[in-house]
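Colleague: This is the structure I have questions about; it appears just below.
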Amino acid sequence: IKIQYDTVVTAYAQKKGCIKSEMSTVTYTRAFYSEEHRYDITSAGVITKYLGENTEDNTQIIIPETIDGIVPTEIGTSVFEGYTYLQNVTIPDTVTKIGVRSFRDCSGLEYITARNVTAVGNYAFYNCGKLKEFKGSNINEIGQNSFANTSKLTYLDTRKVTSLGDSAFAGSGIQSLVAENLTKSGNSTLKGSSVRFVELPALGDIGTSVFAGCENLETVNVPNAIYIRNGAFSGCIALKEISCEKATLVGSDAFNGCTKLVTVNLPLIKNVNS
């Protein structure tokens, strides 16, 4: 018997040719189930495992502020990976890090609340194709492929971001990237994304294929970039204006296919590769 609520069971026994037994009635009461018991957690506050079921009855999760008396500080590796029925997850304010592959392949995930998270690990939300809202304004580090293939995610608060890993937003729905403090960006960071506007005043190196295939990208302002690497803007067919006032090197195929580019501000260029 699956006990979901208070359940009354009435039964009797009977054998052929014998008098049936007296009726017996028993009431089964489901014990209080604590959300804390769904998690494994280390003494340092790292959630290492989620024990909830991956079913249509388990679509919303509010991670407790304490688990077995321990305050959670980090969502560990692959904790919710592959939980396809999850739709809405609220992370307590004590958590500052979302670990590697934490929500990878959560294909039904739509909403995340993570107000004090500062670091998002590699592949954390990879292939979360329905993710459309991430509530959090304190992120400063985003790992490789963290939000890759999140086509419904049109906005993320990146004002405090200082570091972006390879392919962090590749194939995402991000419409703009404004990060005043970004100093480190990997390769293919926004490759094939929906980005339209980019402003990165502190970035000194535009990596290989960072914006390749961004067919909606129109305006780029990276005034302190010294290097524009190979294929950086290749295939940006809507790009009209770019300003990199301190750039001295442009790599191969950096602007290949940018047929609408009309305004280029590169006054210090010394070397342009083929």
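Each chain in the structure tokens gets a letter, A, B and so on, in the order shown; residues start at 1 in every chain, and ligands are counted from 1 in the order they appear.
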List every residue of segment 19-215 of chain A that DSSP, applied to the backbone, labels as strand (DSSP E), and write the result as a ChimeraX atom specification.
Modeller: /A:24-28,39-41,46-50,60-62,74-75,88-90,97-98,111-113,119-120,133-135,141-142,163-164,176-178,184-185,197-199,205-206
Colleague: Using only C-alpha atoms, find each residue in segment 37-150 of chain A having at least one atom no more than 10 Å away from segment 176-196 of chain A; report its shortest atom-to-atom pair and that distance in Å (one decimal), rows by chain then rising number, as a tab-separated table.
Modeller:
residue	atom	partner	partner_atom	distance
A:Asn140	CA	A:Leu182	CA	8.5
A:Glu141	CA	A:Leu182	CA	9.4
A:Ile142	CA	A:Ser185	CA	9.7
A:Gly143	CA	A:Gly186	CA	9.4
A:Gln144	CA	A:Gly186	CA	8.0
A:Asn145	CA	A:Thr189	CA	8.2
A:Phe147	CA	A:Leu190	CA	9.8
A:Ala148	CA	A:Leu190	CA	8.5
A:Asn149	CA	A:Ser193	CA	8.5
A:Thr150	CA	A:Ser193	CA	9.2
Colleague: Pick the closest to Asp166 of chain A from A:Gly121, A:Pro64, A:Gly204, A:Pro223: which is it, counting only C-alpha atoms?
Modeller: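 Of A:Gly121, A:Pro64, A:Gly204, A:Pro223, the one nearest Asp166 of chain A is A:Gly121, counting only C-alpha atoms.
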Colleague: Counting only C-alpha atoms, which residue out of A:Ala212, A:Ala247, A:Leu86, A:Val262 sits closest to Leu131 of chain A?
Modeller: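 Of A:Ala212, A:Ala247, A:Leu86, A:Val262, the one nearest Leu131 of chain A is A:Leu86, counting only C-alpha atoms.
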Colleague: Using only C-alpha atoms, determine which residues lie at most 7 Å from Lys152 of chain A, disregarding the query and same-chain residues fewer than 6 positions distant; provide the list as an NGL selection string.
Modeller: :A and (129-132 or 173)
Colleague: Convert the current residue selection to file output with C-alpha atoms, as a short mmCIF file (atom, residue, chain, number, x, y, z; two decimals), in the first residue's frame.
Modeller:
data_model
loop_
_atom_site.label_atom_id
_atom_site.label_comp_id
_atom_site.auth_asym_id
_atom_site.auth_seq_id
_atom_site.Cartn_x
_atom_site.Cartn_y
_atom_site.Cartn_z
CA GLY A 129 16.74 24.14 -22.76
CA LYS A 130 13.68 25.48 -20.90
CA LEU A 131 15.55 27.61 -18.37
CA LYS A 132 14.18 31.13 -18.73
CA GLY A 173 19.29 32.99 -25.70
#
Colleague: For segment 89-102 of chain A, find every residue with an atom within 8 Å (counting only C-alpha atoms), except residues of its own chain fewer than 6 positions away, and show them as a PyMOL selection string.
Modeller: chain A and resi 60-65+71-81+111-126
Colleague: Using only N, CA, C and O atoms, please write the residues we just selected to a file, as a CSV table (one decimal), in the first residue's frame.
Modeller:
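Contents of part.csv, freshly written:
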chain,number,residue,atom,x,y,z
A,60,GLN,N,9.1,21.0,-8.0
A,60,GLN,CA,9.5,22.2,-7.3
A,60,GLN,C,10.3,21.9,-6.0
A,60,GLN,O,9.9,21.0,-5.2
A,61,ILE,N,11.5,22.5,-5.9
A,61,ILE,CA,12.3,22.2,-4.7
A,61,ILE,C,12.7,23.5,-4.0
A,61,ILE,O,13.1,24.5,-4.7
A,62,ILE,N,12.6,23.6,-2.7
A,62,ILE,CA,13.1,24.7,-1.9
A,62,ILE,C,14.1,24.0,-1.0
A,62,ILE,O,13.8,23.3,-0.1
A,63,ILE,N,15.4,24.3,-1.3
A,63,ILE,CA,16.5,23.7,-0.5
A,63,ILE,C,16.4,24.3,0.9
A,63,ILE,O,16.4,25.5,1.0
A,64,PRO,N,16.4,23.5,2.0
A,64,PRO,CA,16.3,24.0,3.3
A,64,PRO,C,17.5,24.9,3.7
A,64,PRO,O,18.6,24.7,3.2
A,65,GLU,N,17.3,25.8,4.7
A,65,GLU,CA,18.4,26.6,5.2
A,65,GLU,C,19.3,25.9,6.1
A,65,GLU,O,20.5,26.3,6.3
A,71,VAL,N,24.5,24.2,7.9
A,71,VAL,CA,24.1,25.3,6.9
A,71,VAL,C,24.7,25.0,5.5
A,71,VAL,O,25.9,24.9,5.4
A,72,PRO,N,23.9,24.8,4.5
A,72,PRO,CA,24.4,24.5,3.2
A,72,PRO,C,25.1,25.8,2.6
A,72,PRO,O,24.6,26.9,2.7
A,73,THR,N,26.3,25.5,2.0
A,73,THR,CA,27.1,26.6,1.4
A,73,THR,C,27.4,26.4,-0.1
A,73,THR,O,27.8,27.3,-0.8
A,74,GLU,N,27.2,25.1,-0.6
A,74,GLU,CA,27.5,24.8,-2.0
A,74,GLU,C,26.7,23.6,-2.4
A,74,GLU,O,26.4,22.7,-1.7
A,75,ILE,N,26.3,23.7,-3.7
A,75,ILE,CA,25.6,22.6,-4.4
A,75,ILE,C,26.7,21.8,-5.1
A,75,ILE,O,27.4,22.4,-6.0
A,76,GLY,N,26.9,20.6,-4.7
A,76,GLY,CA,28.1,19.9,-5.2
A,76,GLY,C,27.9,19.3,-6.6
A,76,GLY,O,26.9,19.6,-7.3
A,77,THR,N,28.9,18.5,-7.0
A,77,THR,CA,28.9,18.0,-8.4
A,77,THR,C,27.7,17.1,-8.7
A,77,THR,O,27.4,16.1,-7.9
A,78,SER,N,27.1,17.4,-9.8
A,78,SER,CA,26.0,16.5,-10.4
A,78,SER,C,24.8,16.2,-9.4
A,78,SER,O,24.1,15.2,-9.6
A,79,VAL,N,24.6,17.1,-8.4
A,79,VAL,CA,23.6,16.8,-7.4
A,79,VAL,C,22.2,16.6,-8.0
A,79,VAL,O,21.4,15.7,-7.7
A,80,PHE,N,21.8,17.5,-9.0
A,80,PHE,CA,20.5,17.4,-9.6
A,80,PHE,C,20.6,17.0,-11.1
A,80,PHE,O,19.6,17.1,-11.8
A,81,GLU,N,21.7,16.6,-11.5
A,81,GLU,CA,21.9,16.2,-12.9
A,81,GLU,C,20.9,15.2,-13.4
A,81,GLU,O,20.7,14.2,-12.8
A,111,TYR,N,13.0,27.8,-13.7
A,111,TYR,CA,13.3,28.9,-12.8
A,111,TYR,C,14.3,28.5,-11.8
A,111,TYR,O,14.2,27.5,-11.2
A,112,ILE,N,15.3,29.4,-11.5
A,112,ILE,CA,16.3,29.2,-10.5
A,112,ILE,C,16.4,30.5,-9.7
A,112,ILE,O,16.5,31.6,-10.2
A,113,THR,N,16.3,30.4,-8.4
A,113,THR,CA,16.5,31.5,-7.5
A,113,THR,C,17.8,31.2,-6.7
A,113,THR,O,17.9,30.2,-5.9
A,114,ALA,N,18.8,32.0,-6.9
A,114,ALA,CA,20.1,31.8,-6.2
A,114,ALA,C,20.7,33.2,-6.0
A,114,ALA,O,21.7,33.6,-6.6
A,115,ARG,N,20.2,33.9,-5.0
A,115,ARG,CA,20.5,35.3,-4.8
A,115,ARG,C,22.0,35.6,-4.4
A,115,ARG,O,22.5,36.6,-4.8
A,116,ASN,N,22.6,34.7,-3.7
A,116,ASN,CA,23.9,35.0,-3.2
A,116,ASN,C,25.0,34.1,-3.9
A,116,ASN,O,26.2,34.1,-3.4
A,117,VAL,N,24.6,33.4,-4.9
A,117,VAL,CA,25.6,32.6,-5.6
A,117,VAL,C,26.6,33.5,-6.3
A,117,VAL,O,26.3,34.4,-7.1
A,118,THR,N,27.9,33.2,-6.1
A,118,THR,CA,29.0,34.0,-6.7
A,118,THR,C,29.7,33.2,-7.8
A,118,THR,O,30.3,33.8,-8.7
A,119,ALA,N,29.7,31.9,-7.7
A,119,ALA,CA,30.4,31.0,-8.7
A,119,ALA,C,29.5,29.9,-9.3
A,119,ALA,O,28.8,29.2,-8.5
A,120,VAL,N,29.5,29.8,-10.6
A,120,VAL,CA,28.7,28.8,-11.3
A,120,VAL,C,29.7,27.9,-12.0
A,120,VAL,O,30.5,28.3,-12.9
A,121,GLY,N,29.7,26.6,-11.6
A,121,GLY,CA,30.7,25.7,-12.1
A,121,GLY,C,30.5,25.2,-13.6
A,121,GLY,O,29.5,25.5,-14.2
A,122,ASN,N,31.5,24.5,-14.1
A,122,ASN,CA,31.5,24.0,-15.5
A,122,ASN,C,30.2,23.1,-15.7
A,122,ASN,O,29.9,22.3,-14.9
A,123,TYR,N,29.6,23.4,-16.8
A,123,TYR,CA,28.4,22.6,-17.3
A,123,TYR,C,27.2,22.6,-16.2
A,123,TYR,O,26.4,21.7,-16.3
A,124,ALA,N,27.2,23.6,-15.4
A,124,ALA,CA,26.2,23.6,-14.3
A,124,ALA,C,24.8,23.5,-14.8
A,124,ALA,O,23.9,22.8,-14.3
A,125,PHE,N,24.5,24.3,-15.9
A,125,PHE,CA,23.1,24.3,-16.5
A,125,PHE,C,23.1,23.9,-17.9
A,125,PHE,O,22.3,24.3,-18.7
A,126,TYR,N,24.1,23.2,-18.3
A,126,TYR,CA,24.3,22.7,-19.7
A,126,TYR,C,23.0,21.9,-20.1
A,126,TYR,O,22.6,21.1,-19.4
Colleague: Find the residues near Ser234 of chain A: any atom within 9 Å, counting only C-alpha atoms, skip ones fewer than 5 places away on the same chain, and give them as a PDB file with N, CA and C atoms, in the first residue's frame.
Modeller:
ATOM      1  N   SER A 209      36.959  32.761 -31.632  1.00  0.00           N
ATOM      2  CA  SER A 209      35.550  32.422 -31.923  1.00  0.00           C
ATOM      3  C   SER A 209      34.570  32.809 -30.823  1.00  0.00           C
ATOM      4  N   PHE A 211      32.509  35.275 -30.459  1.00  0.00           N
ATOM      5  CA  PHE A 211      31.180  35.668 -30.934  1.00  0.00           C
ATOM      6  C   PHE A 211      30.844  35.027 -32.282  1.00  0.00           C
ATOM      7  N   ALA A 212      31.564  34.011 -32.656  1.00  0.00           N
ATOM      8  CA  ALA A 212      31.341  33.371 -33.961  1.00  0.00           C
ATOM      9  C   ALA A 212      29.902  32.872 -34.091  1.00  0.00           C
ATOM     10  N   GLY A 213      29.302  33.188 -35.237  1.00  0.00           N
ATOM     11  CA  GLY A 213      27.952  32.702 -35.493  1.00  0.00           C
ATOM     12  C   GLY A 213      26.853  33.410 -34.735  1.00  0.00           C
ATOM     13  N   CYS A 214      27.170  34.541 -34.101  1.00  0.00           N
ATOM     14  CA  CYS A 214      26.138  35.331 -33.407  1.00  0.00           C
ATOM     15  C   CYS A 214      25.439  36.198 -34.445  1.00  0.00           C
ATOM     16  N   ASP A 253      40.483  35.593 -40.049  1.00  0.00           N
ATOM     17  CA  ASP A 253      39.031  35.439 -40.170  1.00  0.00           C
ATOM     18  C   ASP A 253      38.252  36.083 -39.026  1.00  0.00           C
ATOM     19  N   ALA A 254      38.850  37.061 -38.378  1.00  0.00           N
ATOM     20  CA  ALA A 254      38.204  37.692 -37.229  1.00  0.00           C
ATOM     21  C   ALA A 254      36.841  38.275 -37.580  1.00  0.00           C
ATOM     22  N   PHE A 255      36.722  38.844 -38.791  1.00  0.00           N
ATOM     23  CA  PHE A 255      35.470  39.474 -39.207  1.00  0.00           C
ATOM     24  C   PHE A 255      34.920  38.822 -40.474  1.00  0.00           C
ATOM     25  N   ASN A 256      35.274  37.604 -40.706  1.00  0.00           N
ATOM     26  CA  ASN A 256      34.821  36.889 -41.894  1.00  0.00           C
ATOM     27  C   ASN A 256      33.290  36.789 -41.924  1.00  0.00           C
ATOM     28  N   GLY A 257      32.703  37.241 -43.022  1.00  0.00           N
ATOM     29  CA  GLY A 257      31.253  37.162 -43.179  1.00  0.00           C
ATOM     30  C   GLY A 257      30.471  38.296 -42.549  1.00  0.00           C
ATOM     31  N   CYS A 258      31.169  39.300 -42.019  1.00  0.00           N
ATOM     32  CA  CYS A 258      30.487  40.453 -41.405  1.00  0.00           C
ATOM     33  C   CYS A 258      30.125  41.458 -42.498  1.00  0.00           C
TER      34      CYS A 258
END
